[in-house]
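J.: upload-v3.txt is reproduced below (compact mmCIF, C-alpha atoms).
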```txt
# COMPACT_ATOMS: atom_id res chain seq x y z
CA MET V 883 6.46 -3.56 -15.83
CA THR V 884 7.01 -1.01 -13.08
CA GLY V 885 10.01 -0.99 -10.81
CA ILE V 886 10.14 -1.75 -7.09
CA MET V 887 11.08 0.70 -4.36
CA TYR V 888 13.35 -0.81 -1.74
CA GLY V 889 13.80 0.88 1.61
CA ILE V 890 17.36 -0.05 2.58
CA GLY V 891 18.63 0.29 6.15
CA VAL V 892 22.33 1.22 6.19
CA GLY V 893 22.80 0.90 9.95
CA PRO V 894 23.76 3.56 12.51
CA GLY V 895 27.14 4.72 11.23
CA ASP V 896 29.81 2.06 10.87
CA PRO V 897 29.75 0.74 7.28
CA GLU V 898 30.83 -2.66 8.60
CA LEU V 899 27.42 -2.89 10.29
CA MET V 900 25.62 -2.87 6.95
CA THR V 901 23.99 -6.21 6.22
CA LEU V 902 25.03 -8.38 3.29
CA LYS V 903 21.49 -8.06 1.97
CA ALA V 904 21.62 -4.25 2.07
CA VAL V 905 24.91 -4.29 0.18
CA LYS V 906 23.53 -6.72 -2.41
CA ARG V 907 20.36 -4.65 -2.89
CA MET V 908 22.24 -1.38 -3.36
CA LYS V 909 24.33 -3.04 -6.05
CA SER V 910 21.24 -4.34 -7.87
CA VAL V 911 18.93 -1.29 -7.95
CA ASP V 912 18.97 1.12 -10.86
CA VAL V 913 18.51 4.33 -8.89
CA ILE V 914 19.62 5.45 -5.42
CA ALA V 915 17.16 7.74 -3.64
CA ILE V 916 18.95 10.08 -1.24
CA PRO V 917 16.93 11.73 1.56
CA HIS V 918 18.78 15.02 1.15
CA THR V 919 19.43 17.71 -1.45
CA ASP V 920 23.19 17.03 -1.41
CA LYS V 921 24.67 13.52 -1.22
CA GLU V 922 27.88 14.90 0.30
CA LEU V 923 25.85 16.06 3.30
CA CYS V 924 23.67 12.94 3.56
CA VAL V 925 24.82 10.75 6.46
CA ALA V 926 23.17 7.61 5.04
CA TYR V 927 24.92 8.07 1.70
CA GLN V 928 28.32 8.61 3.31
CA ILE V 929 27.90 5.32 5.20
CA ALA V 930 26.62 3.42 2.18
CA ARG V 931 29.33 4.41 -0.27
CA GLN V 932 32.06 3.17 2.08
CA ALA V 933 30.58 -0.33 1.86
CA VAL V 934 29.32 -0.08 -1.72
CA PRO V 935 31.58 2.25 -3.73
CA GLU V 936 29.65 1.23 -6.86
CA ILE V 937 26.77 3.52 -5.91
CA GLU V 938 28.95 6.47 -6.95
CA GLU V 939 28.30 5.40 -10.54
CA LYS V 940 24.53 4.98 -10.16
CA GLU V 941 21.81 7.43 -11.03
CA CYS V 942 20.74 9.39 -7.95
CA ILE V 943 17.59 11.27 -7.11
CA TYR V 944 17.53 13.83 -4.33
CA LEU V 945 14.52 13.99 -2.02
CA SER V 946 14.21 16.95 0.31
CA MET V 947 13.14 15.70 3.74
CA PRO V 948 13.05 18.76 6.02
CA MET V 949 13.48 18.25 9.75
CA THR V 950 10.42 20.09 11.01
CA LYS V 951 7.16 19.42 12.85
CA ASP V 952 5.22 21.70 10.50
CA LYS V 953 2.62 19.28 9.11
CA LYS V 954 1.98 21.30 5.95
CA VAL V 955 5.68 21.47 5.05
CA LEU V 956 6.10 17.77 5.75
CA GLU V 957 3.06 16.78 3.71
CA GLU V 958 4.24 18.80 0.71
CA SER V 959 7.79 17.46 0.82
CA HIS V 960 6.66 13.84 1.22
CA GLU V 961 4.19 14.16 -1.64
CA LEU V 962 6.85 15.62 -3.92
CA ALA V 963 9.33 12.91 -2.93
CA ALA V 964 6.78 10.17 -3.67
CA LYS V 965 6.05 11.63 -7.09
CA THR V 966 9.75 11.80 -7.91
CA VAL V 967 10.21 8.14 -6.98
CA MET V 968 7.09 7.12 -8.94
CA GLU V 969 8.45 8.77 -12.09
CA HIS V 970 11.39 6.36 -12.03
CA LEU V 971 9.35 3.32 -10.97
CA SER V 972 7.00 3.97 -13.90
CA LYS V 973 9.98 3.62 -16.23
CA GLY V 974 10.65 0.14 -14.88
CA LYS V 975 13.58 1.20 -12.71
CA ASP V 976 14.14 -0.25 -9.25
CA VAL V 977 14.80 2.46 -6.66
CA GLY V 978 16.79 1.98 -3.46
CA PHE V 979 15.91 4.53 -0.77
CA ILE V 980 18.84 4.55 1.65
CA ASN V 981 17.86 5.07 5.24
CA LEU V 982 19.95 5.58 8.37
CA GLY V 983 19.58 2.77 10.91
CA ASP V 984 16.65 0.43 10.33
CA VAL V 985 13.82 1.06 7.88
CA SER V 986 11.06 0.19 10.36
CA ILE V 987 12.10 2.49 13.23
CA TYR V 988 11.28 6.20 12.81
CA SER V 989 12.54 5.87 9.26
CA THR V 990 12.50 8.56 6.59
CA CYS V 991 11.41 6.18 3.85
CA SER V 992 8.29 5.19 5.81
CA TYR V 993 6.66 8.49 4.77
CA LEU V 994 6.61 7.30 1.16
CA LEU V 995 5.46 3.71 1.56
CA ASP V 996 1.71 4.30 1.92
CA ARG V 997 1.68 6.81 -0.92
CA LEU V 998 3.43 4.42 -3.30
CA GLN V 999 1.32 1.43 -2.28
CA GLU V 1000 -1.91 3.41 -2.74
CA GLU V 1001 -0.81 4.15 -6.30
CA GLY V 1002 -0.24 0.43 -6.94
CA TYR V 1003 3.55 0.34 -6.73
CA THR V 1004 5.44 -2.48 -5.01
CA THR V 1005 7.61 -1.63 -2.01
CA ARG V 1006 9.95 -3.82 0.01
CA LEU V 1007 12.09 -3.23 3.07
CA GLU V 1008 15.63 -4.41 3.79
CA ALA V 1009 16.29 -4.32 7.54
CA GLY V 1010 19.28 -2.53 9.04
CA ILE V 1011 21.03 -2.60 12.42
CA PRO V 1012 19.13 -0.26 14.80
CA SER V 1013 21.15 2.43 16.53
CA PHE V 1014 20.15 1.29 20.02
CA CYS V 1015 21.46 -2.23 19.38
CA ALA V 1016 24.75 -0.84 18.09
CA ALA V 1017 24.98 1.55 21.06
CA ALA V 1018 24.44 -1.23 23.60
CA ALA V 1019 27.14 -3.30 21.89
CA ARG V 1020 29.51 -0.31 21.90
CA LEU V 1021 28.88 0.15 25.63
CA GLY V 1022 29.38 -3.57 26.23
CA ILE V 1023 26.07 -3.96 28.05
CA PRO V 1024 22.90 -6.00 27.50
CA LEU V 1025 20.04 -3.78 26.39
CA VAL V 1026 17.45 -5.87 28.22
CA SER V 1027 17.47 -9.28 29.86
CA GLY V 1028 15.06 -11.65 31.53
CA SER V 1029 11.60 -10.12 31.81
CA GLU V 1030 12.70 -6.48 31.39
CA GLU V 1031 10.57 -4.29 29.15
CA LEU V 1032 12.10 -2.15 26.42
CA HIS V 1033 10.60 1.21 25.39
CA ILE V 1034 11.85 3.13 22.35
CA ILE V 1035 11.09 6.85 22.70
CA PRO V 1036 11.70 9.83 20.36
CA ALA V 1037 13.29 12.28 22.78
CA SER V 1038 12.24 15.38 20.86
CA TYR V 1039 8.69 14.82 22.09
CA GLN V 1040 7.22 14.61 25.58
CA ILE V 1041 9.27 12.15 27.65
CA LYS V 1042 8.15 12.90 31.21
CA GLU V 1043 5.45 10.21 31.22
CA ALA V 1044 7.58 7.81 29.18
CA LEU V 1045 10.32 7.81 31.80
CA GLN V 1046 7.84 6.55 34.37
CA MET V 1047 7.30 3.32 32.47
CA PRO V 1048 8.94 0.16 33.85
CA GLY V 1049 12.00 -1.40 32.27
CA VAL V 1050 14.62 0.16 30.02
CA LYS V 1051 13.97 3.34 28.05
CA VAL V 1052 15.88 4.21 24.89
CA LEU V 1053 15.73 7.93 24.10
CA MET V 1054 16.53 8.51 20.44
CA LYS V 1055 17.91 11.70 18.85
CA ALA V 1056 17.94 13.55 22.14
CA GLY V 1057 20.54 16.20 21.25
CA ARG V 1058 18.27 19.19 20.68
CA GLN V 1059 16.38 18.64 23.92
CA MET V 1060 19.30 17.49 26.05
CA GLU V 1061 18.94 20.04 28.85
CA ALA V 1062 15.28 19.14 29.39
CA VAL V 1063 15.97 15.42 28.97
CA LYS V 1064 18.70 15.47 31.61
CA GLU V 1065 16.44 17.30 34.04
CA GLU V 1066 13.68 14.71 33.67
CA ILE V 1067 16.14 11.85 34.17
CA ARG V 1068 17.53 13.58 37.24
CA LYS V 1069 14.02 13.92 38.70
CA CYS V 1070 13.25 10.23 38.37
CA LYS V 1071 16.67 9.29 39.80
CA ALA V 1072 17.45 6.87 37.00
CA SER V 1073 20.86 5.76 35.76
CA VAL V 1074 21.81 6.62 32.18
CA VAL V 1075 24.50 5.98 29.59
CA MET V 1076 24.78 7.64 26.19
CA VAL V 1077 26.46 7.18 22.83
CA GLU V 1078 26.74 10.15 20.49
CA ASN V 1079 27.27 9.50 16.76
CA CYS V 1080 27.45 5.74 17.27
CA GLY V 1081 29.78 4.08 14.78
CA MET V 1082 30.84 7.37 13.19
CA ALA V 1083 34.22 9.09 13.29
CA GLU V 1084 32.88 11.57 15.87
CA GLU V 1085 31.58 8.87 18.23
CA LYS V 1086 31.63 9.68 21.94
CA VAL V 1087 30.59 7.57 24.93
CA TYR V 1088 29.22 8.90 28.24
CA ARG V 1089 28.62 6.62 31.20
CA SER V 1090 26.80 8.92 33.64
CA LEU V 1091 24.31 11.79 33.64
CA GLU V 1092 27.01 14.17 34.87
CA GLU V 1093 29.26 13.40 31.88
CA ILE V 1094 26.60 14.10 29.25
CA PRO V 1095 27.02 17.61 27.75
CA GLU V 1096 23.95 19.75 27.18
CA ASP V 1097 25.23 20.68 23.72
CA ALA V 1098 25.39 17.07 22.51
CA GLY V 1099 24.72 16.44 18.84
CA TYR V 1100 21.51 15.37 17.09
CA TYR V 1101 22.50 11.69 16.92
CA SER V 1102 22.61 11.20 20.67
CA LEU V 1103 21.09 8.02 22.08
CA LEU V 1104 20.48 7.48 25.79
CA ILE V 1105 19.77 4.21 27.57
CA VAL V 1106 17.92 4.87 30.82
CA ARG V 1107 17.38 2.38 33.66
```
Spit out the file's structure as structure tokens when you get a sec.
T.:
Amino acid sequence: MTGIMYGIGVGPGDPELMTLKAVKRMKSVDVIAIPHTDKELCVAYQIARQAVPEIEEKECIYLSMPMTKDKKVLEESHELAAKTVMEHLSKGKDVGFINLGDVSIYSTCSYLLDRLQEEGYTTRLEAGIPSFCAAAARLGIPLVSGSEELHIIPASYQIKEALQMPGVKVLMKAGRQMEAVKEEIRKCKASVVMVENCGMAEEKVYRSLEEIPEDAGYYSLLIVR
């Protein structure tokens, strides 16, 4: 019998936002897969171990997931990560891949799912609280209401056209492109609020475009109306 790989969403930052199911699954798996080369530097692991201290005693595997748009580098790293996970699944061990936020939204573990399934392994996903839901709650505002549309946009890519869409736009991980992002928002005369490092010790809240610093961190989420 081969093991099962579980993608486990640990939420956006606050360990109290981890679901009961995520906690239960992390306790039950044999191996914790960490999307980093060092668990002390892995944000998902730091969140998870606050809610599930038992994972400190579990076997860990370290999967290098470089933050780059170089397709060749990404392909090689994802292939190696999949092979590493398969080695443990083949031994009958269940593997829990911890993932920041939710496992279905721009998730790191998604890069392995197709590869594992094509090789005949079973994969399952345990949902987590998405960062934009946590950010809206932190701001004390409804994300959308009535017939409003909601658009989730990776801000490190082209956003000019996306900002022209009707409804509410969530710009995720905008930090590296903040100067350009602010300029595009200014052009379309939209209102914006932002939470940086939502649920983490370094959390900061900004309630206008003017307040948002251009050197904001990677985990910066904007809600644009």
J.: Can you measure atom CA of Ser972 of chain V to atom CA of Met883 of chain V for me? One decimal in Å is fine.
T.: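 Taking atom CA of Ser972 of chain V and atom CA of Met883 of chain V, their separation equals 7.8 Å.
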J.: Suppose you want the space between atom CA of Asp912 of chain V and atom CA of Ile987 of chain V; what is it in Å?
T.: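 Answer for the atom CA of Asp912 of chain V to atom CA of Ile987 of chain V separation: 25.1 Å.
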J.: For Arg1058 of chain V, which residue out of V:Asp996, V:Glu1030, V:Asp1097, V:Glu1085 is the nearest one, using only C-alpha atoms?
T.: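 That would be V:Asp1097, the residue with the smallest distance to Arg1058 of chain V.
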J.: Could the residues of segment 1001-1065 of chain V that have an atom at most 9 Å from segment 897-907 of chain V be listed as a Markdown table, each with its closest atom pair and the distance in Å to one decimal, counting all atoms listed in the file and ordered by chain and ascending residue number?
T.:
```
| residue | atom | partner | partner_atom | distance |
| --- | --- | --- | --- | --- |
| V:Glu1008 | CA | V:Ala904 | CA | 6.2 |
| V:Ala1009 | CA | V:Ala904 | CA | 7.6 |
| V:Gly1010 | CA | V:Thr901 | CA | 6.6 |
| V:Ile1011 | CA | V:Leu899 | CA | 6.7 |
| V:Ala1016 | CA | V:Leu899 | CA | 8.5 |
```
J.: Measuring between all atoms listed in the file, which one of V:Ala1018, V:Leu962, V:Ile1067, V:Val1106 shows the shortest distance to Glu1031 of chain V?
T.: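 Nearest candidate to Glu1031 of chain V out of V:Ala1018, V:Leu962, V:Ile1067, V:Val1106: V:Val1106.
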J.: Would you kindly return, as a PyMOL selection string, each protein, DNA or RNA residue with an atom no farther than 9 Å from any atom of segment 1035-1046 of chain V, considering all atoms listed in the file and excluding same-chain residues fewer than 4 positions away?
T.: chain V and resi 988+1050-1060+1063+1066-1067+1070+1072+1103+1106
J.: Taking only C-alpha atoms into account, name the residue in V:Thr884, V:Asn981, V:Ser1073, V:Gln932 that is nearest to Ile916 of chain V.
T.: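 When distances to Ile916 of chain V are compared using only C-alpha atoms, the smallest one comes from V:Asn981.
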J.: Go through V:Lys1086, V:Arg1107, V:Arg1020, V:Lys965 and flag the residue nearest Val1074 of chain V, using only C-alpha atoms for the distances.
T.: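 The shortest atom-to-atom distance to Val1074 of chain V comes from V:Arg1107.
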J.: Please identify all polymer residues within 10 Å of Met1082 of chain V, counting all atoms listed in the file, omitting same-chain residues fewer than 6 positions from it, and present them as a VMD selection string.
T.: chain V and resid 894 to 897 925 929
J.: Listed atoms of segment 931-936 of chain V, axis-aligned box, 8 Å per side: centre and edge lengths to one decimal in Å, as JSON?
T.:
```
{"center_x": 30.7, "center_y": 2.0, "center_z": -2.4, "size_x": 18.7, "size_y": 20.7, "size_z": 24.9}
```
J.: Residues of segment 965-1023 of chain V that approach segment 939-961 of chain V to 9 Å or less, counting all atoms listed in the file: could you list each one with the shortest pair of atoms and its distance in Å to one decimal, rows by chain and increasing residue number, as a Markdown table?
T.:
```
| residue | atom | partner | partner_atom | distance |
| --- | --- | --- | --- | --- |
| V:Lys965 | CA | V:Glu961 | CA | 6.3 |
| V:Thr966 | CA | V:Leu945 | CA | 7.9 |
| V:Val967 | CA | V:Ile943 | CA | 8.0 |
| V:Thr990 | CA | V:Met947 | CA | 7.7 |
| V:Tyr993 | CA | V:His960 | CA | 6.4 |
| V:Leu994 | CA | V:His960 | CA | 6.5 |
| V:Arg997 | CA | V:Glu961 | CA | 7.8 |
```
J.: Provide the atom CA of Ala915 of chain V to atom CA of Gly978 of chain V distance in Å, to one decimal place.
T.: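 If I compute the distance from atom CA of Ala915 of chain V to atom CA of Gly978 of chain V, I get 5.8 Å.
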J.: Restricting the calculation to all atoms listed in the file, which member of V:Ile937, V:Val1077, V:Leu923, V:Ile886 is positioned closest to Met908 of chain V?
T.: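 Smallest distance to Met908 of chain V is found for V:Ile937.
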J.: Between V:Lys909, V:Gly889, V:Ala1062, V:Pro1048, single out the one closest to Ser986 of chain V, counting all atoms listed in the file.
T.: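 Comparing V:Lys909, V:Gly889, V:Ala1062, V:Pro1048 against Ser986 of chain V, the winner is V:Gly889.
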J.: Any idea what's packed within 8 Å of Ile980 of chain V, counting only C-alpha atoms, ignoring anything in its chain fewer than 2 positions away? Could you give it as a VMD selection string?
T.: chain V and resid 889 to 892 914 to 917 926 to 927 930 978 982 991
J.: Taking (29.6, 8.3, 28.4) in the coordinates of the supplied file, I want to know which residues reach to within 10 Å of it, counting only C-alpha atoms; could you give the answer as a short mmCIF file (atom, residue, chain, number, x, y, z; two decimals) with C-alpha atoms, in the frame of the given file?
T.:
```cif
data_model
loop_
_atom_site.label_atom_id
_atom_site.label_comp_id
_atom_site.auth_asym_id
_atom_site.auth_seq_id
_atom_site.Cartn_x
_atom_site.Cartn_y
_atom_site.Cartn_z
CA LEU V 1021 28.88 0.15 25.63
CA VAL V 1074 21.81 6.62 32.18
CA VAL V 1075 24.50 5.98 29.59
CA MET V 1076 24.78 7.64 26.19
CA VAL V 1077 26.46 7.18 22.83
CA GLU V 1078 26.74 10.15 20.49
CA LYS V 1086 31.63 9.68 21.94
CA VAL V 1087 30.59 7.57 24.93
CA TYR V 1088 29.22 8.90 28.24
CA ARG V 1089 28.62 6.62 31.20
CA SER V 1090 26.80 8.92 33.64
CA LEU V 1091 24.31 11.79 33.64
CA GLU V 1092 27.01 14.17 34.87
CA GLU V 1093 29.26 13.40 31.88
CA ILE V 1094 26.60 14.10 29.25
CA PRO V 1095 27.02 17.61 27.75
CA LEU V 1104 20.48 7.48 25.79
#
```
